[in-house]
Structure formats: C-alpha cells, structure tokens
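Source file: model-v1.csv. Holds: CSV, C-alpha atoms.
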chain,number,residue,atom,x,y,z
A,73,MET,CA,-19.4,-7.7,14.1
A,74,ILE,CA,-16.4,-6.8,12.0
A,75,LEU,CA,-16.2,-3.8,9.6
A,76,HIS,CA,-14.1,-3.7,6.5
A,77,VAL,CA,-13.6,-0.2,5.2
A,78,ASP,CA,-12.2,0.2,1.7
A,79,MET,CA,-11.5,3.6,0.2
A,80,ASP,CA,-12.9,3.9,-3.3
A,81,ALA,CA,-10.2,4.3,-6.0
A,82,PHE,CA,-8.1,5.9,-3.3
A,83,TYR,CA,-5.1,7.4,-5.2
A,84,ALA,CA,-7.2,8.5,-8.2
A,85,SER,CA,-10.0,9.9,-6.0
A,86,ILE,CA,-7.4,12.1,-4.1
A,87,GLU,CA,-6.2,13.5,-7.5
A,88,GLN,CA,-9.7,14.2,-8.6
A,89,ARG,CA,-10.5,15.8,-5.2
A,90,ASP,CA,-7.4,18.0,-5.3
A,91,HIS,CA,-7.7,18.9,-9.0
A,92,PRO,CA,-11.4,19.5,-9.8
A,93,GLU,CA,-10.7,19.6,-13.6
A,94,LEU,CA,-10.0,15.8,-13.4
A,95,ARG,CA,-13.4,15.0,-12.0
A,96,GLY,CA,-15.4,12.8,-14.4
A,97,GLN,CA,-12.2,12.1,-16.4
A,98,PRO,CA,-10.5,8.7,-16.8
A,99,VAL,CA,-7.6,9.3,-14.5
A,100,VAL,CA,-4.6,6.9,-14.3
A,101,VAL,CA,-2.1,7.3,-11.5
A,102,GLY,CA,1.4,6.1,-12.4
A,103,GLY,CA,2.8,4.7,-15.6
A,104,SER,CA,2.8,6.7,-18.8
A,105,LYS,CA,1.5,6.5,-22.3
A,106,THR,CA,4.8,6.0,-24.0
A,107,GLY,CA,7.4,5.2,-21.3
A,108,ARG,CA,8.0,2.5,-18.8
A,109,GLY,CA,6.0,2.0,-15.6
A,110,VAL,CA,2.8,0.4,-14.5
A,111,VAL,CA,-0.5,1.7,-13.3
A,112,ALA,CA,-0.7,2.3,-9.6
A,113,ALA,CA,-4.4,3.2,-9.6
A,114,ALA,CA,-7.3,4.1,-11.9
A,115,SER,CA,-10.4,6.1,-11.4
A,116,TYR,CA,-13.8,4.4,-11.9
A,117,GLU,CA,-14.1,6.3,-15.2
A,118,ALA,CA,-10.8,4.6,-16.4
A,119,ARG,CA,-11.9,1.2,-15.1
A,120,GLN,CA,-14.8,1.3,-17.5
A,121,TYR,CA,-12.2,0.9,-20.3
A,122,GLY,CA,-10.6,-2.2,-18.6
A,123,ILE,CA,-7.7,-0.3,-17.0
A,124,HIS,CA,-6.6,-1.6,-13.6
A,125,SER,CA,-3.6,-1.4,-11.2
A,126,ALA,CA,-0.4,-3.2,-12.2
A,127,MET,CA,-1.2,-2.9,-15.9
A,128,PRO,CA,1.6,-1.5,-18.1
A,129,GLY,CA,1.0,2.2,-18.8
A,130,ARG,CA,1.2,1.7,-22.6
A,131,ARG,CA,-1.6,-0.9,-22.4
A,132,ALA,CA,-3.8,1.5,-20.5
A,133,ALA,CA,-3.2,4.2,-23.1
A,134,GLN,CA,-4.2,1.7,-25.8
A,135,LEU,CA,-7.5,0.9,-24.0
A,136,CYS,CA,-8.3,4.6,-23.4
A,137,PRO,CA,-6.3,7.0,-25.5
A,138,HIS,CA,-7.8,10.0,-23.9
A,139,ALA,CA,-7.0,8.9,-20.3
A,140,VAL,CA,-5.3,11.5,-18.1
A,141,PHE,CA,-2.0,10.2,-16.7
A,142,VAL,CA,-0.8,11.8,-13.4
A,143,ARG,CA,2.4,11.2,-11.4
A,144,GLY,CA,1.8,9.4,-8.1
A,145,ARG,CA,2.3,11.4,-4.9
A,146,MET,CA,2.9,8.6,-2.3
A,147,SER,CA,3.8,11.0,0.5
A,148,HIS,CA,0.5,12.8,0.1
A,149,TYR,CA,-1.5,9.5,-0.2
A,150,SER,CA,0.2,8.3,3.0
A,151,GLU,CA,-0.8,11.5,4.8
A,152,VAL,CA,-4.4,11.1,3.7
A,153,GLY,CA,-4.3,7.4,4.7
A,154,ARG,CA,-3.2,8.6,8.2
A,155,GLN,CA,-6.2,10.9,8.3
A,156,VAL,CA,-8.5,8.0,7.4
A,157,ARG,CA,-7.0,5.9,10.2
A,158,GLU,CA,-7.4,8.7,12.7
A,159,ILE,CA,-11.1,8.6,11.9
A,160,PHE,CA,-11.2,4.9,12.5
A,161,ALA,CA,-9.4,5.4,15.9
A,162,ARG,CA,-12.3,7.6,17.1
A,163,PHE,CA,-14.4,4.4,17.3
A,164,THR,CA,-12.1,1.6,18.2
A,165,PRO,CA,-8.4,0.9,19.0
A,166,VAL,CA,-8.7,-2.6,17.3
A,167,ILE,CA,-7.7,-1.7,13.8
A,168,GLN,CA,-5.9,-4.1,11.4
A,169,PRO,CA,-4.7,-2.1,8.3
A,170,LEU,CA,-4.3,-4.1,5.1
A,171,SER,CA,-2.8,-1.2,3.2
A,172,LEU,CA,-3.1,2.6,3.0
A,173,ASP,CA,-6.7,2.5,1.8
A,174,GLU,CA,-8.3,-0.4,3.7
A,175,ALA,CA,-8.6,-1.9,7.1
A,176,PHE,CA,-10.6,-4.2,9.4
A,177,LEU,CA,-12.1,-2.8,12.5
A,178,ASP,CA,-13.5,-4.7,15.5
A,179,VAL,CA,-16.1,-2.5,17.2
A,180,ALA,CA,-17.5,-5.0,19.7
A,181,GLY,CA,-16.0,-3.2,22.7
A,182,THR,CA,-17.1,0.3,21.8
A,183,GLU,CA,-20.7,-0.2,20.7
A,184,ARG,CA,-22.1,1.1,24.0
A,185,LEU,CA,-20.3,4.4,23.3
A,186,HIS,CA,-20.9,4.8,19.6
A,187,GLY,CA,-23.9,2.6,18.7
A,188,ASP,CA,-24.0,-0.7,17.0
A,189,ALA,CA,-21.7,-1.7,14.1
A,190,VAL,CA,-24.1,-0.5,11.4
A,191,SER,CA,-24.4,2.9,13.1
A,192,ILE,CA,-20.6,3.1,13.4
A,193,GLY,CA,-20.2,2.1,9.8
A,194,HIS,CA,-22.4,5.0,8.7
A,195,GLN,CA,-20.7,7.5,11.0
A,196,ILE,CA,-17.3,6.5,9.6
A,197,LYS,CA,-18.5,6.9,6.0
A,198,ASP,CA,-20.0,10.3,6.8
A,199,MET,CA,-16.9,11.6,8.5
A,200,ILE,CA,-14.7,10.5,5.6
A,201,GLN,CA,-17.0,12.2,3.1
A,202,ARG,CA,-17.4,15.4,5.2
A,203,GLU,CA,-13.8,15.8,6.4
A,204,LEU,CA,-11.8,14.4,3.5
A,205,GLN,CA,-14.2,14.7,0.6
A,206,LEU,CA,-13.6,11.1,-0.3
A,207,THR,CA,-15.9,8.1,-0.4
A,208,ALA,CA,-15.4,4.7,1.2
A,209,SER,CA,-17.2,1.4,0.9
A,210,VAL,CA,-18.1,-0.5,4.0
A,211,GLY,CA,-18.8,-4.2,4.6
A,212,ILE,CA,-20.1,-5.4,8.0
A,213,ALA,CA,-20.3,-9.1,8.9
A,214,PRO,CA,-19.5,-11.6,11.7
A,215,ARG,CA,-16.6,-13.0,9.7
A,216,LYS,CA,-13.5,-11.1,8.4
A,217,PHE,CA,-13.6,-12.5,4.9
A,218,VAL,CA,-17.3,-11.9,4.5
A,219,ALA,CA,-16.9,-8.3,5.6
A,220,LYS,CA,-14.2,-7.9,2.9
A,221,ILE,CA,-16.4,-9.4,0.3
A,222,ALA,CA,-19.3,-7.2,1.4
A,223,SER,CA,-17.3,-4.0,1.1
A,224,ASP,CA,-16.5,-4.8,-2.5
A,225,LEU,CA,-20.0,-5.7,-3.8
A,226,GLU,CA,-21.5,-2.3,-4.3
A,227,LYS,CA,-18.5,-0.1,-4.9
A,228,PRO,CA,-18.2,2.8,-5.1
A,229,ASN,CA,-19.7,4.3,-2.0
A,230,GLY,CA,-21.2,0.9,-1.0
A,231,PHE,CA,-22.6,-0.2,2.3
A,232,VAL,CA,-23.5,-3.9,2.8
A,233,VAL,CA,-24.4,-5.6,6.0
A,234,VAL,CA,-24.5,-9.4,6.4
A,235,GLN,CA,-26.0,-10.8,9.6
A,236,GLU,CA,-25.1,-14.2,11.1
A,237,SER,CA,-28.4,-15.7,9.9
A,238,GLN,CA,-27.7,-14.5,6.4
A,239,LEU,CA,-24.2,-15.9,5.9
A,240,GLN,CA,-24.9,-18.9,3.8
A,241,THR,CA,-27.6,-17.2,1.8
A,242,PHE,CA,-25.2,-14.4,1.1
A,243,LEU,CA,-22.2,-16.6,0.1
A,244,ASP,CA,-23.8,-19.4,-1.9
A,245,PRO,CA,-24.6,-17.5,-5.2
A,246,LEU,CA,-21.3,-15.6,-5.3
A,247,GLN,CA,-18.8,-16.5,-8.0
A,248,VAL,CA,-15.7,-18.4,-6.7
A,249,GLU,CA,-13.6,-15.4,-7.7
A,250,ARG,CA,-15.1,-13.5,-4.8
A,251,LEU,CA,-13.4,-15.6,-2.2
A,252,TRP,CA,-10.3,-14.0,-0.7
A,253,GLY,CA,-7.2,-15.6,-2.3
A,254,VAL,CA,-8.8,-16.8,-5.5
A,255,GLY,CA,-7.2,-15.1,-8.5
A,256,LYS,CA,-7.5,-15.7,-12.2
A,257,VAL,CA,-5.4,-18.9,-12.3
A,258,GLY,CA,-7.0,-20.2,-9.1
A,259,ALA,CA,-10.4,-19.6,-10.6
A,260,GLN,CA,-9.5,-21.6,-13.7
A,261,ARG,CA,-8.5,-24.5,-11.6
A,262,LEU,CA,-11.8,-24.4,-9.7
A,263,HIS,CA,-13.7,-24.1,-13.0
A,264,ARG,CA,-12.0,-27.2,-14.3
A,265,LEU,CA,-13.4,-29.1,-11.3
A,266,GLY,CA,-16.9,-27.7,-12.2
A,267,LEU,CA,-16.8,-25.2,-9.3
A,268,LYS,CA,-18.3,-21.9,-10.4
A,269,THR,CA,-20.0,-20.6,-7.3
A,270,VAL,CA,-19.3,-20.7,-3.6
A,271,ARG,CA,-22.2,-23.1,-3.2
A,272,ASP,CA,-20.4,-25.5,-5.5
A,273,ILE,CA,-17.4,-25.5,-3.2
A,274,ARG,CA,-19.6,-25.8,-0.1
A,275,CYS,CA,-21.3,-28.9,-1.5
A,276,TYR,CA,-18.1,-30.5,-2.8
A,277,ASP,CA,-16.7,-33.4,-0.9
A,278,ARG,CA,-14.1,-31.9,1.5
A,279,SER,CA,-11.6,-34.8,1.4
A,280,LEU,CA,-11.8,-35.0,-2.3
A,281,LEU,CA,-11.1,-31.2,-2.6
A,282,VAL,CA,-8.1,-31.6,-0.3
A,283,THR,CA,-6.8,-34.4,-2.5
A,284,LYS,CA,-7.1,-32.3,-5.6
A,285,LEU,CA,-6.0,-28.9,-4.2
A,286,GLY,CA,-4.2,-29.6,-1.0
A,287,ALA,CA,-4.4,-27.2,2.0
A,288,TRP,CA,-5.7,-24.4,-0.3
A,289,GLY,CA,-8.7,-26.6,-1.1
A,290,ASP,CA,-9.5,-27.1,2.5
A,291,HIS,CA,-9.2,-23.4,3.2
A,292,LEU,CA,-11.6,-22.7,0.4
A,293,TRP,CA,-14.1,-25.3,1.7
A,294,GLN,CA,-14.1,-23.7,5.1
A,295,LEU,CA,-14.7,-20.2,3.7
A,296,ALA,CA,-17.5,-21.5,1.5
A,297,ASN,CA,-19.1,-22.9,4.7
A,298,GLY,CA,-18.7,-19.6,6.5
A,299,ILE,CA,-15.9,-20.9,8.7
A,300,ASP,CA,-13.3,-18.3,9.5
A,301,SER,CA,-11.9,-18.0,13.1
A,302,ARG,CA,-9.4,-15.2,12.3
A,303,LEU,CA,-9.8,-12.2,14.5
A,304,VAL,CA,-9.0,-8.5,13.9
A,305,VAL,CA,-5.6,-8.0,15.4
A,306,THR,CA,-3.3,-5.0,15.6
A,307,ASP,CA,0.4,-5.5,14.9
A,308,ARG,CA,1.0,-5.0,18.6
A,309,ASN,CA,-1.2,-8.1,19.5
A,310,ALA,CA,-0.5,-10.2,16.4
A,311,LYS,CA,1.3,-13.5,16.7
A,312,GLN,CA,2.9,-12.8,13.4
A,313,ILE,CA,3.5,-10.0,11.0
A,314,SER,CA,3.5,-10.9,7.4
A,315,HIS,CA,3.5,-9.5,3.8
A,316,GLU,CA,3.2,-11.5,0.6
A,317,ARG,CA,3.0,-10.8,-3.1
A,318,THR,CA,1.2,-12.8,-5.8
A,319,PHE,CA,2.6,-12.3,-9.3
A,320,GLY,CA,0.5,-11.8,-12.4
A,321,GLU,CA,2.9,-14.1,-14.2
A,322,ASP,CA,4.9,-17.0,-12.8
A,323,GLN,CA,8.5,-15.9,-12.0
A,324,SER,CA,11.8,-17.7,-12.2
A,325,ASP,CA,14.3,-14.8,-12.4
A,326,GLU,CA,16.6,-15.0,-9.4
A,327,GLU,CA,17.4,-11.3,-9.2
A,328,PHE,CA,13.7,-10.5,-9.3
A,329,LEU,CA,12.7,-13.0,-6.6
A,330,HIS,CA,15.6,-11.7,-4.4
A,331,ALA,CA,14.3,-8.2,-4.8
A,332,VAL,CA,10.8,-9.2,-3.9
A,333,VAL,CA,11.9,-10.9,-0.7
A,334,CYS,CA,14.0,-7.8,0.2
A,335,PHE,CA,10.9,-5.6,-0.3
A,336,LEU,CA,8.8,-7.9,1.9
A,337,CYS,CA,11.4,-7.8,4.6
A,338,GLU,CA,11.4,-4.0,4.6
A,339,GLN,CA,7.7,-3.9,5.0
A,340,THR,CA,7.5,-6.5,7.8
A,341,ALA,CA,10.5,-5.0,9.7
A,342,MET,CA,9.0,-1.5,9.6
A,343,ARG,CA,5.8,-2.8,11.0
A,344,LEU,CA,7.7,-4.8,13.6
A,345,ARG,CA,9.5,-1.7,14.9
A,346,HIS,CA,6.3,0.3,14.8
A,347,SER,CA,4.7,-2.3,17.1
A,348,GLN,CA,7.8,-2.0,19.4
A,349,GLN,CA,8.6,-5.7,19.2
A,350,LYS,CA,11.5,-8.0,18.0
A,351,THR,CA,11.2,-11.2,16.1
A,352,GLY,CA,12.7,-14.5,17.0
A,353,ALA,CA,11.8,-16.3,13.8
A,354,VAL,CA,11.6,-15.7,10.1
A,355,VAL,CA,9.4,-17.7,7.8
A,356,LEU,CA,9.4,-17.8,4.0
A,357,LYS,CA,6.2,-18.8,2.2
A,358,TYR,CA,6.6,-20.0,-1.4
A,359,ARG,CA,3.9,-21.1,-3.8
A,360,ARG,CA,4.8,-22.8,-7.1
A,361,GLU,CA,3.0,-22.3,-10.3
A,362,ASP,CA,1.0,-25.5,-9.7
A,363,PHE,CA,-0.3,-24.0,-6.4
A,364,ARG,CA,1.8,-26.3,-4.2
A,365,THR,CA,2.8,-24.2,-1.2
A,366,PHE,CA,6.0,-24.6,0.9
A,367,THR,CA,7.4,-22.8,3.9
A,368,LYS,CA,10.9,-22.6,5.4
A,369,SER,CA,11.7,-21.1,8.7
A,370,GLN,CA,14.7,-20.2,10.8
A,371,THR,CA,14.8,-19.4,14.5
A,372,LEU,CA,17.2,-16.6,15.2
A,373,ASP,CA,20.1,-16.8,17.7
A,374,ALA,CA,18.8,-13.5,19.2
A,375,PRO,CA,15.6,-11.6,18.6
A,376,THR,CA,16.0,-8.6,16.3
A,377,ASP,CA,14.1,-5.8,14.7
A,378,GLN,CA,16.9,-4.9,12.2
A,379,THR,CA,15.9,-4.9,8.5
A,380,SER,CA,19.3,-6.1,7.4
A,381,ARG,CA,19.3,-9.2,9.6
A,382,ILE,CA,15.8,-10.1,8.5
A,383,ILE,CA,16.8,-9.7,4.9
A,384,GLN,CA,19.9,-11.9,5.4
A,385,VAL,CA,17.8,-14.7,6.9
A,386,ALA,CA,14.9,-14.5,4.5
A,387,CYS,CA,17.2,-14.5,1.4
A,388,GLY,CA,19.1,-17.4,2.8
A,389,LEU,CA,15.8,-19.3,3.1
A,390,LEU,CA,14.9,-18.3,-0.5
A,391,ALA,CA,18.2,-19.6,-1.8
A,392,LYS,CA,17.6,-23.0,-0.1
A,393,MET,CA,14.1,-23.1,-1.4
A,394,ARG,CA,15.2,-22.4,-4.9
A,395,GLN,CA,17.7,-25.3,-4.7
A,396,HIS,CA,14.9,-27.7,-3.7
A,397,GLU,CA,12.0,-26.2,-5.6
A,398,PRO,CA,13.4,-24.5,-8.7
A,399,ARG,CA,10.1,-24.3,-10.6
A,400,PRO,CA,8.4,-21.0,-11.4
A,401,VAL,CA,6.9,-19.1,-8.5
A,402,ARG,CA,3.5,-17.6,-8.2
A,403,LEU,CA,3.6,-16.2,-4.7
A,404,ILE,CA,6.2,-15.3,-2.1
A,405,GLY,CA,5.7,-14.2,1.5
A,406,VAL,CA,7.7,-13.3,4.5
A,407,SER,CA,6.4,-13.7,8.1
A,408,LEU,CA,7.9,-12.7,11.4
A,409,GLY,CA,7.0,-14.4,14.7
A,410,SER,CA,8.1,-15.5,18.2
A,411,PHE,CA,7.9,-11.9,19.3
A,412,VAL,CA,9.5,-10.3,22.4
A,413,GLY,CA,9.2,-6.8,23.6
A,414,GLY,CA,11.3,-4.3,21.7
A,415,GLN,CA,13.1,-3.2,24.9
A,416,THR,CA,13.9,-6.8,26.0
A,417,ALA,CA,17.6,-7.3,26.6
A,418,THR,CA,19.1,-9.9,24.2
A,419,GLN,CA,22.3,-12.0,24.5
A,420,LEU,CA,25.1,-10.5,22.5
A,421,SER,CA,27.5,-12.8,20.6
A,422,LEU,CA,31.3,-12.3,20.9
A,423,LEU,CA,31.3,-12.3,17.1
A,424,ASP,CA,28.8,-9.4,16.8
A,425,ASP,CA,30.2,-6.1,15.4
A,426,GLN,CA,28.7,-3.6,17.8
A,427,ASP,CA,29.6,-0.6,15.7
A,428,GLN,CA,27.9,-2.3,12.7
A,429,GLN,CA,24.8,-3.1,14.9
A,430,HIS,CA,24.6,0.5,16.0
A,431,ALA,CA,24.9,1.7,12.4
A,432,GLU,CA,22.1,-0.6,11.2
A,433,ARG,CA,19.8,0.7,14.0
A,434,LYS,CA,20.5,4.3,12.9
A,435,VAL,CA,19.8,3.4,9.2
A,436,ASP,CA,16.5,1.8,10.2
A,437,ALA,CA,15.5,4.7,12.3
A,438,VAL,CA,16.2,7.2,9.5
A,439,MET,CA,14.4,5.1,6.9
A,440,ASP,CA,11.3,4.7,9.2
A,441,GLU,CA,11.2,8.5,9.7
A,442,LEU,CA,11.7,9.3,6.0
A,443,SER,CA,9.1,6.7,5.0
A,444,ALA,CA,6.5,8.3,7.3
A,445,LYS,CA,7.2,11.7,5.8
A,446,ILE,CA,7.7,11.0,2.1
A,447,GLY,CA,6.3,7.6,1.5
A,448,GLN,CA,7.7,4.1,1.3
A,449,ARG,CA,7.9,4.1,-2.5
A,450,LYS,CA,10.5,6.9,-2.4
A,451,ILE,CA,12.9,5.6,0.3
A,452,TYR,CA,14.0,2.0,0.2
A,453,ARG,CA,17.0,-0.2,0.1
A,454,ALA,CA,18.8,-0.8,-3.2
A,455,ALA,CA,18.3,-4.6,-2.8
A,456,SER,CA,14.6,-4.2,-3.5
A,457,HIS,CA,15.0,-1.8,-6.5
A,458,HIS,CA,14.5,-4.5,-9.1
A,459,TRP,CA,11.0,-5.2,-7.7
A,460,ARG,CA,9.9,-1.6,-7.1
A,461,ASN,CA,11.3,-0.5,-10.5
A,462,PRO,CA,11.2,-3.5,-12.9
A,463,PRO,CA,13.2,-3.2,-16.2
A,464,LYS,CA,11.4,-2.4,-19.4
Would you put the structure from the file into structure tokens?
Amino acid sequence: MILHVDMDAFYASIEQRDHPELRGQPVVVGGSKTGRGVVAAASYEARQYGIHSAMPGRRAAQLCPHAVFVRGRMSHYSEVGRQVREIFARFTPVIQPLSLDEAFLDVAGTERLHGDAVSIGHQIKDMIQRELQLTASVGIAPRKFVAKIASDLEKPNGFVVVQESQLQTFLDPLQVERLWGVGKVGAQRLHRLGLKTVRDIRCYDRSLLVTKLGAWGDHLWQLANGIDSRLVVTDRNAKQISHERTFGEDQSDEEFLHAVVCFLCEQTAMRLRHSQQKTGAVVLKYRREDFRTFTKSQTLDAPTDQTSRIIQVACGLLAKMRQHEPRPVRLIGVSLGSFVGGQTATQLSLLDDQDQQHAERKVDAVMDELSAKIGQRKIYRAASHHWRNPPK
C-alpha cells in the first residue's frame, strides 16, 4: 500500500500555530490588500470566501475584506517541512516528496517493524500533531494517484483508506476534476464530451477518447480504470527528475516563458545534486493551449550537474520549440535523465574553460547551501526573476 501525506493549509497553519491570535481568522500568506503579489497560501477560514493560492492579493482582499495578510517565511516553512520529512523517515526510506508539504511513502518493506499501512498512517498523523502541532491528511491506497485523491477527500485532518477490492467503487462516482492532471480547462473539454464522472471516462471507448484527446485521453482512461504502474521512487532511484508548471492563463510572452524554464532548471538541478547524480540528457515538455503536448530532448556531450549548463540546454530547446510551435502555452516542464553517479569521471573538452567550470560549481554549492538555510524563494538566479516576481 502507498501513503500520500498532505499537510493541511501548511503555510497558513504554521502562522496560526506560531501566532495564536490568528487562530480562527481568515489568514492569507503572501500578497497584499493594495500592492502587487499573489497569495501563497490561505487558511481554511479564508478558503470559505473563495480565496486560494496563486490568486492576486487584491482579489483576495475583495473577497474577504477582513482577511489577515501575513508575509511568508519560506525559510521557516522549509525547516518545518524538514521536520515533517524526518517523521516520515522513521517509518520508511522510500519517500517521494512532491513539495514541502506533501509526499508519497511506500511502507511495504517496513510493515513488520511498524504495523500495516493503516497503522503507520495513524502513527504519522499523531506524531505530526503531537510534535509539530499541525494536522495532516492521509490517503492510503494500492495506487499512487488513488492515494493522492484519497488524502484530499476529507480535508482537513482527513484519513481515507481504499483497498484493492474497493478501487472501482471508490473511483466511479468522483467528478473528473478529481483525477490528477485535470484542471479547469481540461474539465471543460471533458464536459463537452459528456464526461462528468470517472465512470463516464471508464465506460467511454478508449480508441475514440485517444482520437479526441490524444495521449492525455489514454492516460485518463487508464486512471479511470484503476491502472497506474508508477512506483514511489526517491530521487536517488528515479530514472528522471522533473518539474513542470501549468499556467492559470495561456502564455505567449517570451521573457516569461524563458524565466519559467530557468526556474524549473534550478529546481531539477538542485534535486539532481542532492541525489549525487549527473544528467546526460535534458528534456523540455511543452503543452499548447489546445492540450497538444510536445517534447524536445538533447543528449549532452558530457554528464553534468551544473545549473548553468542545464539552463543553457533547456532554453535552447525552448527557443527551437517556439519556432515550430509559437501558439500560446499552457504547461512547460523540464526533465533530466540518463543519470550517472555524481563522482563519475567525465571526458573534458579542449574547449572547456576549466576556471569557469570551477566557478559554476562553487556558485551551485553556495546556492544549495543558502537555499537549505533561507528557502528557495529568497535565493535564485536573476534569469528566473520574471517568473518568481511577475510584473504588476
């Protein structure tokens, strides 16, 4: 069985824990009532007014004029996230973080030590509550995507278990929006086909769905039928390391897209170095506004773990993609693969500037250290600034 543990309103809950006067108040982390900025997180009290992450602060203030806006403390949230992961590690080494506040856990190899998955799930929830004074929602299922859905169904402080024999009964009545990867626009496309529930997708002709929606349609059909072979993998054991972003509005601005790719490269490169590996290939994933998805890849002359090299390759792939597919973009992702051990000797080119290479390694080391201490939102390369701090 697989656990998906998702902290409840993580950033806002930390602020309410640390500042008791905020408990019961509609708390908004990030943004402001009158200035620029977007909401990073909202307490459940604020969510009752329709406030959600990535919403402009001004809009949040319109929805809830008495909301309490607080400045985000990413370094503090990162430290609490580390404490949460330390609790996970007491039960299994097979942890796949999705972000600071959620992760998949495979406990199959440790059940003899700690009890079955349900028992482990309860122990993790209890420890998070007792040691950190925070709540988490837990989903347990034999499939990754089902565990993720289950953790979200009874938030906050939820606990949902789906056994193998219950998979189809659990999935069928769910709205299509519950499926991982179906956002607002995707749901609208499915609704136009008359697909409102997971059962509707399951019973739809598979080949016809592929004709209408391409590979995405086939992926949804498999999920609707409980098919998901993906395992819980740590970065150290993963065949690829990837990050992607789906935009609330389709994007065409070249500077913005370039900044997003740089941001994604920073994230993947940092994880790559943390796993003590080097990448031999960079892949750019690119989804147009009509949901057609394309990829471009480049095999490197020599494996690397340097952020600047990964940015160089990925941005080159973006430039080529924009030439061939200039239409608005809904999603961009960067993946690294073809890994070798981080200590593996690599062939040097006569054209390589060894002083520059050494300088880049020092920059990466310093940025990794500072990011761990003060948070990734506070230390980053200028190339990604336009994404991290969009203009008014």
Centre and edges of the segment 378-387 of chain A box, axis-aligned, 8 Å extra per side, as AutoDock Vina command-line options:
--center_x 17.4 --center_y -9.8 --center_z 6.8 --size_x 21.0 --size_y 25.8 --size_z 26.8
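As for atom CA of Pro400 of chain A and atom CA of Arg131 of chain A, they are spaced 25.0 Å apart.
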What does the structure give for the distance between atom CA of Ile212 of chain A and atom CA of Gln235 of chain A, in Å to one decimal? 8.2 Å
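Atom CA of Val401 of chain A is positioned 5.0 Å from atom CA of Gln323 of chain A.
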The residues within 6 Å of (-12.5, -29.7, 2.5), using all atoms listed in the file and the coordinates of the file, should be reported as a tab-separated table (two decimals) with C-alpha atoms, in the frame of the given file; which are they?
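For reference, selection_25.tsv as written:
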chain	number	residue	atom	x	y	z
A	278	ARG	CA	-14.10	-31.90	1.50
A	279	SER	CA	-11.60	-34.80	1.40
A	281	LEU	CA	-11.10	-31.20	-2.60
A	282	VAL	CA	-8.10	-31.60	-0.30
A	290	ASP	CA	-9.50	-27.10	2.50
A	293	TRP	CA	-14.10	-25.30	1.70
Nearest to Arg271 of chain A: which of A:Gly289, A:Gly298, A:Pro169, A:Gly144 is it, counting only C-alpha atoms? A:Gly298
Within 10 Å of Met73 of chain A, counting all atoms listed in the file, which residues qualify if same-chain residues fewer than 5 places away don't, as a PyMOL selection string? chain A and resi 177-180+188-190+212-216+219+233-236
Residue among A:Gly103, A:Gly388, A:Gly409, A:Gly258 lying closest to Gln349 of chain A, counting all atoms listed in the file: A:Gly409
List every residue of segment 86-186 of chain A that has an atom at most 12 Å from any atom of segment 340-346 of chain A, giving for each one its closest atom pair and the distance in Å to one decimal, counting only C-alpha atoms, sorted by chain and then by ascending residue number, as a tab-separated table.
residue	atom	partner	partner_atom	distance
A:Gln168	CA	A:Arg343	CA	11.8
A:Pro169	CA	A:Arg343	CA	10.9
A:Leu170	CA	A:Arg343	CA	11.8
A:Ser171	CA	A:Arg343	CA	11.7
